[in-house]
Amino acid sequence: MSTGAVILSALRNRITRASTLYGNREVQIYVNSTGTDQTPEGLTPAQMWRTQPHLRTVVDFLARNVAQLGLHAFTTNGDERTRDRTSNIATVLCTKPNKYMTTYELIYDLVGNIALYNTAYWFIYLNKDGEHEIQPFPSDWVIPEYDSYFSITKYSVKPPGTETAKIFNAENVISFHGWNPATGSNSSPVETLRLILEEQHHSRTHRLQVWKRNGRVGSYLTRPKDAAPWDNAARKRFYEMFEAFVGDNGARAGGTPLLEDGMELKRVGFNSADEQWSESVKISLETVAQVYQVNPTMVGILDNANYSNTKEFNKTLYTNTLGPTLRMIEARLNAFLLPLMGAEPGQYVEFNVEEKLRGSFEEQAAVTSTAVGAPWMTRNEARKMRNLPPVEDGDELVTPLNVLTGGQASPQDGTASDAEPKTLVDALQKHAQRVSRIYPSKGFDTDRFIRELEDDLAREHLDGDSKSFNMWLKHALENDIQLDIAQFLQSHGGTDEN
């Protein structure tokens, strides 16, 4: 390839660094990776990800949260299953898929390509030691070649800056792809977002132009047109007086100037609220999140967020949001990749989703303690969780003397009562305590507290008037009145048995 062709290819494909020979000397070519034309209309999905912050936010969110789960390998024998940590499958898929990638990086790359292109490709091969390795290909390098509507015979892979493509047999390539009504055509979700991202791009460009070129005048003075004319001495005297009130070095900076002859000081400046720029940015991020079926709260839209619903959103992340993607990846790996790698019957892999759905350690411990009715962890098992060495006689379960079979695991275990349905008084008391802690420092946020109490009551399947209770609570806190929830319920027609 000639030097000119290498330079042209680097510019067209945004290759940051390339090399060629010129006059029998090696020449390094560096290209600004951002290129010159940054409007979404002419960008590839990869370039859109690099330049459009909302697209990058959502795609990285999806890839990062799937990659952190980790793959686990298992072997089944009848109804029993055991964790596989040593086989070829476990070593390659769950630890080190090739010489330079970890499983986290491989899965991150996989989900990122699926999110941007709706397809991804892995090449499976044997290295020089006869061991399997997995090499991912960027989706925009790959062109599948069909011999019929259903069958792919080979894959043509052409990295940027090369003249000829490399051919890979379909038998050695695992493809991951979403649904596409027109097989073989571009079905990238980015195409769906191109218009909204282009609008946001031009909005950002306009904002930058305003900040660069707009007059930087925070205020100005006016003087009535019928005021007595000033001579040069009067004008100089006023300027010197006013200069003392402005700037870092003004002798009277921070004070209040005395204006003469009906003069007025008027403020002027850019107001983003009037231009609705904040709303347009929010709509853009919400739209990208909707296309990828991500709850907007999870990527920073916090308008209606509170502790209780955010906690629930975290749980739905690994079911409704990421669940279909996880299921698709697991199915492709178990149906096509494992047989290609010579997996034994009964071997399979799955993502460790359960760990994310278990809840906090306190919740797990409480539920398990109630379920088994006795201690369920030895001292050495607990010490191991904290990276502490085992102690002598630490492998025996310690059972309190006052616990019988079927009793609580400890006198301090309140899980049994916590598992019972709470009364309305319990829910209102808990809410009042929370608000009482917040009120001294942040005041009474009526809308927030009404919303939080509604969520608490709904979660416990209780009926109550959230608005009336918060109005009563606000009045009590503002007037330093002792809180008597039973009295409130009686005065509002409720009882402590609801």
# chains A, B, ... in the order shown; residues from 1 in each chain; ligands from 1
>>> residues_around(residues="range 447-460 of chain A", least_positions_apart="5", cutoff="10 Å", atoms="only C-alpha atoms", output="list in words")
Asn304, Ala305, Asn306, Tyr307, Ser308, Asn309, Pro421, Lys422, Thr423, Leu424, Ala427, Leu428, Lys430, His431, Ala432, Arg434, Val435, Asp465, Ser466, Lys467, Ser468, Phe469, Asn470 and Met471 of chain A
>>> residues_around(residues="range 282-284 of chain A", least_positions_apart="6", cutoff="10 Å", atoms="only C-alpha atoms", output="PyMOL selection string")
chain A and resi 54-55+193+196-197+199-200+290+296+300-301
>>> closest_atom_pairs(of="range 33-139 of chain A", to="range 148-169 of chain A", cutoff="9 Å", atoms="only C-alpha atoms", output="Markdown table")
| residue | atom | partner | partner_atom | distance |
| --- | --- | --- | --- | --- |
| A:Phe123 | CA | A:Phe168 | CA | 8.2 |
| A:Phe137 | CA | A:Val157 | CA | 8.1 |
| A:Pro138 | CA | A:Pro159 | CA | 8.7 |
>>> closest_atom_pairs(of="range 171-190 of chain A", to="range 326-342 of chain A", cutoff="10 Å", atoms="only C-alpha atoms", output="JSON lines")
{"residue": "A:Glu171", "atom": "CA", "partner": "A:Leu340", "partner_atom": "CA", "distance": 8.4}
{"residue": "A:Asn172", "atom": "CA", "partner": "A:Leu340", "partner_atom": "CA", "distance": 7.9}
{"residue": "A:Val173", "atom": "CA", "partner": "A:Leu337", "partner_atom": "CA", "distance": 8.8}
{"residue": "A:Ile174", "atom": "CA", "partner": "A:Leu337", "partner_atom": "CA", "distance": 6.7}
{"residue": "A:Ser175", "atom": "CA", "partner": "A:Arg332", "partner_atom": "CA", "distance": 8.1}
{"residue": "A:Phe176", "atom": "CA", "partner": "A:Arg332", "partner_atom": "CA", "distance": 7.1}
{"residue": "A:His177", "atom": "CA", "partner": "A:Met328", "partner_atom": "CA", "distance": 8.8}
{"residue": "A:Gly178", "atom": "CA", "partner": "A:Met328", "partner_atom": "CA", "distance": 8.7}
>>> select_by_dssp(residues="range 61-98 of chain A", states="alpha helix (DSSP H)", output="PyMOL selection string")
chain A and resi 61-67+88-94
>>> write_last_selection(atoms="N, CA, C and O atoms", output="PDB file, in the first residue's frame")
ATOM      1  N   PHE A  61     -22.993   1.483  30.731  1.00  0.00           N
ATOM      2  CA  PHE A  61     -23.758   0.988  31.869  1.00  0.00           C
ATOM      3  C   PHE A  61     -24.160  -0.471  31.660  1.00  0.00           C
ATOM      4  O   PHE A  61     -24.009  -1.307  32.550  1.00  0.00           O
ATOM      5  N   LEU A  62     -24.662  -0.786  30.465  1.00  0.00           N
ATOM      6  CA  LEU A  62     -25.061  -2.159  30.170  1.00  0.00           C
ATOM      7  C   LEU A  62     -23.857  -3.098  30.200  1.00  0.00           C
ATOM      8  O   LEU A  62     -23.885  -4.160  30.843  1.00  0.00           O
ATOM      9  N   ALA A  63     -22.786  -2.724  29.502  1.00  0.00           N
ATOM     10  CA  ALA A  63     -21.619  -3.606  29.405  1.00  0.00           C
ATOM     11  C   ALA A  63     -20.964  -3.826  30.757  1.00  0.00           C
ATOM     12  O   ALA A  63     -20.579  -4.945  31.108  1.00  0.00           O
ATOM     13  N   ARG A  64     -20.853  -2.762  31.543  1.00  0.00           N
ATOM     14  CA  ARG A  64     -20.182  -2.874  32.839  1.00  0.00           C
ATOM     15  C   ARG A  64     -20.972  -3.759  33.800  1.00  0.00           C
ATOM     16  O   ARG A  64     -20.399  -4.575  34.534  1.00  0.00           O
ATOM     17  N   ASN A  65     -22.290  -3.613  33.799  1.00  0.00           N
ATOM     18  CA  ASN A  65     -23.097  -4.373  34.757  1.00  0.00           C
ATOM     19  C   ASN A  65     -23.240  -5.838  34.371  1.00  0.00           C
ATOM     20  O   ASN A  65     -23.463  -6.683  35.250  1.00  0.00           O
ATOM     21  N   VAL A  66     -23.136  -6.168  33.096  1.00  0.00           N
ATOM     22  CA  VAL A  66     -23.112  -7.580  32.713  1.00  0.00           C
ATOM     23  C   VAL A  66     -21.740  -8.170  32.992  1.00  0.00           C
ATOM     24  O   VAL A  66     -21.620  -9.278  33.534  1.00  0.00           O
ATOM     25  N   ALA A  67     -20.686  -7.438  32.663  1.00  0.00           N
ATOM     26  CA  ALA A  67     -19.332  -7.968  32.826  1.00  0.00           C
ATOM     27  C   ALA A  67     -18.990  -8.247  34.285  1.00  0.00           C
ATOM     28  O   ALA A  67     -18.250  -9.191  34.591  1.00  0.00           O
ATOM     29  N   ASN A  88     -11.084 -27.237  31.140  1.00  0.00           N
ATOM     30  CA  ASN A  88     -10.738 -26.327  30.051  1.00  0.00           C
ATOM     31  C   ASN A  88     -11.814 -25.267  29.872  1.00  0.00           C
ATOM     32  O   ASN A  88     -11.517 -24.079  29.639  1.00  0.00           O
ATOM     33  N   ILE A  89     -13.071 -25.646  30.000  1.00  0.00           N
ATOM     34  CA  ILE A  89     -14.176 -24.700  29.858  1.00  0.00           C
ATOM     35  C   ILE A  89     -14.074 -23.610  30.920  1.00  0.00           C
ATOM     36  O   ILE A  89     -14.183 -22.410  30.630  1.00  0.00           O
ATOM     37  N   ALA A  90     -13.874 -24.034  32.185  1.00  0.00           N
ATOM     38  CA  ALA A  90     -13.805 -23.064  33.275  1.00  0.00           C
ATOM     39  C   ALA A  90     -12.593 -22.150  33.130  1.00  0.00           C
ATOM     40  O   ALA A  90     -12.670 -20.943  33.381  1.00  0.00           O
ATOM     41  N   THR A  91     -11.468 -22.697  32.715  1.00  0.00           N
ATOM     42  CA  THR A  91     -10.250 -21.895  32.594  1.00  0.00           C
ATOM     43  C   THR A  91     -10.376 -20.840  31.510  1.00  0.00           C
ATOM     44  O   THR A  91     -10.021 -19.668  31.708  1.00  0.00           O
ATOM     45  N   VAL A  92     -10.891 -21.249  30.353  1.00  0.00           N
ATOM     46  CA  VAL A  92     -10.963 -20.318  29.218  1.00  0.00           C
ATOM     47  C   VAL A  92     -12.109 -19.325  29.383  1.00  0.00           C
ATOM     48  O   VAL A  92     -11.921 -18.112  29.265  1.00  0.00           O
ATOM     49  N   LEU A  93     -13.320 -19.821  29.654  1.00  0.00           N
ATOM     50  CA  LEU A  93     -14.484 -18.942  29.670  1.00  0.00           C
ATOM     51  C   LEU A  93     -14.596 -18.130  30.954  1.00  0.00           C
ATOM     52  O   LEU A  93     -15.110 -17.013  30.928  1.00  0.00           O
ATOM     53  N   CYS A  94     -14.155 -18.659  32.074  1.00  0.00           N
ATOM     54  CA  CYS A  94     -14.397 -18.011  33.355  1.00  0.00           C
ATOM     55  C   CYS A  94     -13.176 -17.301  33.919  1.00  0.00           C
ATOM     56  O   CYS A  94     -13.289 -16.628  34.956  1.00  0.00           O
TER      57      CYS A  94
END
>>> atom_distance(atom1="CA of Asp109 in chain A", atom2="CA of Trp49 in chain A")
13.3 Å
>>> select_by_dssp(residues="range 44-268 of chain A", states="strand (DSSP E or B)", output="number ranges by chain")
A: 71-77, 80-84, 98, 101, 119-126, 132-137, 142-146, 152-157, 166-169, 173-177, 219-222, 264-267
>>> atom_distance(atom1="CA of Glu131 in chain A", atom2="CA of Ile107 in chain A")
20.0 Å
>>> atom_distance(atom1="CA of Val398 in chain A", atom2="CA of Arg386 in chain A")
18.7 Å
>>> residues_around(residues="range 225-229 of chain A", least_positions_apart="2", cutoff="7 Å", atoms="only C-alpha atoms", output="number ranges by chain")
A: 223, 231, 261
>>> closest_residue(among="A:Gly78, A:Gly394, A:Pro144, A:Pro45", to="Arg194 in chain A", atoms="only C-alpha atoms")
A:Pro45
>>> residues_around(residues="range 204-218 of chain A", least_positions_apart="2", cutoff="8 Å", atoms="only C-alpha atoms", output="list in words")
Gln200, His201, His202, Tyr220, Arg267, Val268 and Gly269 of chain A
>>> write_last_selection(atoms="all heavy atoms", output="JSON list (two decimals), in the first residue's frame")
[["chain", "number", "residue", "atom", "x", "y", "z"],
["A", 200, "GLN", "N", -29.29, 16.67, 19.78],
["A", 200, "GLN", "CA", -28.55, 17.01, 20.98],
["A", 200, "GLN", "C", -27.15, 17.54, 20.63],
["A", 200, "GLN", "O", -26.64, 18.44, 21.31],
["A", 200, "GLN", "CB", -28.43, 15.78, 21.88],
["A", 200, "GLN", "CG", -27.85, 16.05, 23.25],
["A", 200, "GLN", "CD", -28.63, 17.11, 24.01],
["A", 200, "GLN", "OE1", -28.04, 17.90, 24.74],
["A", 200, "GLN", "NE2", -29.95, 17.13, 23.86],
["A", 201, "HIS", "N", -26.56, 16.99, 19.57],
["A", 201, "HIS", "CA", -25.25, 17.48, 19.12],
["A", 201, "HIS", "C", -25.33, 18.96, 18.73],
["A", 201, "HIS", "O", -24.50, 19.77, 19.15],
["A", 201, "HIS", "CB", -24.75, 16.65, 17.94],
["A", 201, "HIS", "CG", -23.63, 17.29, 17.18],
["A", 201, "HIS", "ND1", -22.33, 17.29, 17.62],
["A", 201, "HIS", "CD2", -23.62, 17.97, 16.00],
["A", 201, "HIS", "CE1", -21.56, 17.94, 16.77],
["A", 201, "HIS", "NE2", -22.32, 18.36, 15.77],
["A", 202, "HIS", "N", -26.32, 19.31, 17.93],
["A", 202, "HIS", "CA", -26.45, 20.71, 17.50],
["A", 202, "HIS", "C", -26.82, 21.61, 18.68],
["A", 202, "HIS", "O", -26.41, 22.78, 18.72],
["A", 202, "HIS", "CB", -27.49, 20.81, 16.39],
["A", 202, "HIS", "CG", -27.04, 20.21, 15.09],
["A", 202, "HIS", "ND1", -25.95, 20.68, 14.39],
["A", 202, "HIS", "CD2", -27.51, 19.15, 14.38],
["A", 202, "HIS", "CE1", -25.78, 19.95, 13.29],
["A", 202, "HIS", "NE2", -26.72, 19.01, 13.27],
["A", 220, "TYR", "N", -25.74, 46.06, 33.91],
["A", 220, "TYR", "CA", -25.44, 47.35, 33.28],
["A", 220, "TYR", "C", -26.24, 48.43, 34.00],
["A", 220, "TYR", "O", -27.23, 48.16, 34.69],
["A", 220, "TYR", "CB", -25.77, 47.33, 31.79],
["A", 220, "TYR", "CG", -27.22, 47.13, 31.47],
["A", 220, "TYR", "CD1", -28.07, 48.22, 31.27],
["A", 220, "TYR", "CD2", -27.75, 45.86, 31.34],
["A", 220, "TYR", "CE1", -29.40, 48.04, 30.97],
["A", 220, "TYR", "CE2", -29.09, 45.66, 31.04],
["A", 220, "TYR", "CZ", -29.91, 46.75, 30.85],
["A", 220, "TYR", "OH", -31.24, 46.58, 30.55],
["A", 267, "ARG", "N", -29.66, 43.58, 35.80],
["A", 267, "ARG", "CA", -28.92, 42.34, 35.53],
["A", 267, "ARG", "C", -29.26, 41.81, 34.15],
["A", 267, "ARG", "O", -30.39, 41.94, 33.67],
["A", 267, "ARG", "CB", -29.25, 41.27, 36.58],
["A", 267, "ARG", "CG", -28.82, 41.66, 37.99],
["A", 267, "ARG", "CD", -29.10, 40.53, 38.97],
["A", 267, "ARG", "NE", -28.39, 39.33, 38.59],
["A", 267, "ARG", "CZ", -27.13, 39.06, 38.91],
["A", 267, "ARG", "NH1", -26.42, 39.94, 39.60],
["A", 267, "ARG", "NH2", -26.56, 37.92, 38.54],
["A", 268, "VAL", "N", -28.28, 41.19, 33.54],
["A", 268, "VAL", "CA", -28.48, 40.58, 32.23],
["A", 268, "VAL", "C", -27.56, 39.36, 32.15],
["A", 268, "VAL", "O", -26.47, 39.36, 32.70],
["A", 268, "VAL", "CB", -28.17, 41.55, 31.08],
["A", 268, "VAL", "CG1", -26.72, 42.00, 31.12],
["A", 268, "VAL", "CG2", -28.49, 40.93, 29.73],
["A", 269, "GLY", "N", -28.04, 38.32, 31.54],
["A", 269, "GLY", "CA", -27.20, 37.13, 31.41],
["A", 269, "GLY", "C", -27.96, 35.99, 30.80],
["A", 269, "GLY", "O", -29.19, 36.05, 30.60]]
>>> decode(residues="range 237-311 of chain A", atoms="C-alpha atoms", output="JSON list (two decimals), in the first residue's frame")
[["chain", "number", "residue", "atom", "x", "y", "z"],
["A", 237, "ARG", "CA", -16.12, 61.02, 39.59],
["A", 238, "PHE", "CA", -18.95, 58.50, 39.17],
["A", 239, "TYR", "CA", -16.75, 55.94, 37.38],
["A", 240, "GLU", "CA", -14.14, 56.11, 40.12],
["A", 241, "MET", "CA", -16.83, 55.71, 42.80],
["A", 242, "PHE", "CA", -18.43, 52.73, 41.06],
["A", 243, "GLU", "CA", -15.09, 51.03, 40.35],
["A", 244, "ALA", "CA", -14.52, 50.89, 44.12],
["A", 245, "PHE", "CA", -17.49, 48.50, 44.39],
["A", 246, "VAL", "CA", -16.42, 45.99, 41.72],
["A", 247, "GLY", "CA", -13.53, 43.65, 41.01],
["A", 248, "ASP", "CA", -11.27, 41.73, 43.36],
["A", 249, "ASN", "CA", -9.36, 44.83, 44.38],
["A", 250, "GLY", "CA", -12.23, 47.28, 44.81],
["A", 251, "ALA", "CA", -11.91, 49.14, 48.13],
["A", 252, "ARG", "CA", -15.65, 48.83, 48.77],
["A", 253, "ALA", "CA", -16.30, 45.58, 46.86],
["A", 254, "GLY", "CA", -19.32, 43.76, 48.27],
["A", 255, "GLY", "CA", -20.94, 46.95, 49.51],
["A", 256, "THR", "CA", -23.94, 48.81, 48.06],
["A", 257, "PRO", "CA", -23.30, 51.76, 45.74],
["A", 258, "LEU", "CA", -25.45, 54.89, 45.94],
["A", 259, "LEU", "CA", -26.80, 55.66, 42.46],
["A", 260, "GLU", "CA", -27.65, 59.21, 41.42],
["A", 261, "ASP", "CA", -30.15, 60.94, 39.14],
["A", 262, "GLY", "CA", -32.59, 57.98, 38.97],
["A", 263, "MET", "CA", -29.94, 55.54, 37.73],
["A", 264, "GLU", "CA", -30.75, 51.80, 37.85],
["A", 265, "LEU", "CA", -28.56, 48.69, 37.97],
["A", 266, "LYS", "CA", -30.02, 45.94, 35.81],
["A", 267, "ARG", "CA", -28.92, 42.34, 35.53],
["A", 268, "VAL", "CA", -28.48, 40.58, 32.23],
["A", 269, "GLY", "CA", -27.20, 37.13, 31.41],
["A", 270, "PHE", "CA", -27.85, 33.75, 29.89],
["A", 271, "ASN", "CA", -30.67, 31.73, 31.49],
["A", 272, "SER", "CA", -30.56, 28.04, 30.66],
["A", 273, "ALA", "CA", -34.03, 27.50, 32.15],
["A", 274, "ASP", "CA", -35.58, 29.98, 29.69],
["A", 275, "GLU", "CA", -33.87, 28.19, 26.80],
["A", 276, "GLN", "CA", -35.04, 24.79, 28.18],
["A", 277, "TRP", "CA", -31.60, 23.33, 27.54],
["A", 278, "SER", "CA", -31.67, 21.32, 30.72],
["A", 279, "GLU", "CA", -34.94, 19.71, 29.66],
["A", 280, "SER", "CA", -33.60, 18.88, 26.21],
["A", 281, "VAL", "CA", -30.52, 17.20, 27.70],
["A", 282, "LYS", "CA", -32.73, 15.15, 30.01],
["A", 283, "ILE", "CA", -35.04, 14.10, 27.17],
["A", 284, "SER", "CA", -32.06, 12.98, 25.11],
["A", 285, "LEU", "CA", -30.69, 10.76, 27.90],
["A", 286, "GLU", "CA", -34.17, 9.38, 28.65],
["A", 287, "THR", "CA", -34.70, 8.51, 24.97],
["A", 288, "VAL", "CA", -31.39, 6.65, 24.72],
["A", 289, "ALA", "CA", -32.22, 4.77, 27.92],
["A", 290, "GLN", "CA", -35.69, 3.87, 26.59],
["A", 291, "VAL", "CA", -34.32, 2.47, 23.34],
["A", 292, "TYR", "CA", -31.97, 0.22, 25.35],
["A", 293, "GLN", "CA", -34.82, -0.52, 27.81],
["A", 294, "VAL", "CA", -32.89, 0.82, 30.79],
["A", 295, "ASN", "CA", -34.74, 2.56, 33.61],
["A", 296, "PRO", "CA", -33.68, 6.24, 33.32],
["A", 297, "THR", "CA", -33.18, 6.41, 37.09],
["A", 298, "MET", "CA", -30.28, 3.96, 36.75],
["A", 299, "VAL", "CA", -28.34, 6.31, 34.45],
["A", 300, "GLY", "CA", -28.83, 9.56, 36.33],
["A", 301, "ILE", "CA", -32.42, 10.80, 35.82],
["A", 302, "LEU", "CA", -33.33, 11.25, 39.49],
["A", 303, "ASP", "CA", -36.50, 13.37, 39.29],
["A", 304, "ASN", "CA", -38.72, 10.74, 40.92],
["A", 305, "ALA", "CA", -36.06, 8.70, 42.67],
["A", 306, "ASN", "CA", -36.09, 7.83, 46.35],
["A", 307, "TYR", "CA", -34.44, 5.15, 48.46],
["A", 308, "SER", "CA", -37.23, 2.57, 48.24],
["A", 309, "ASN", "CA", -37.88, 2.68, 44.50],
["A", 310, "THR", "CA", -34.17, 2.89, 43.65],
["A", 311, "LYS", "CA", -33.63, -0.27, 45.68]]
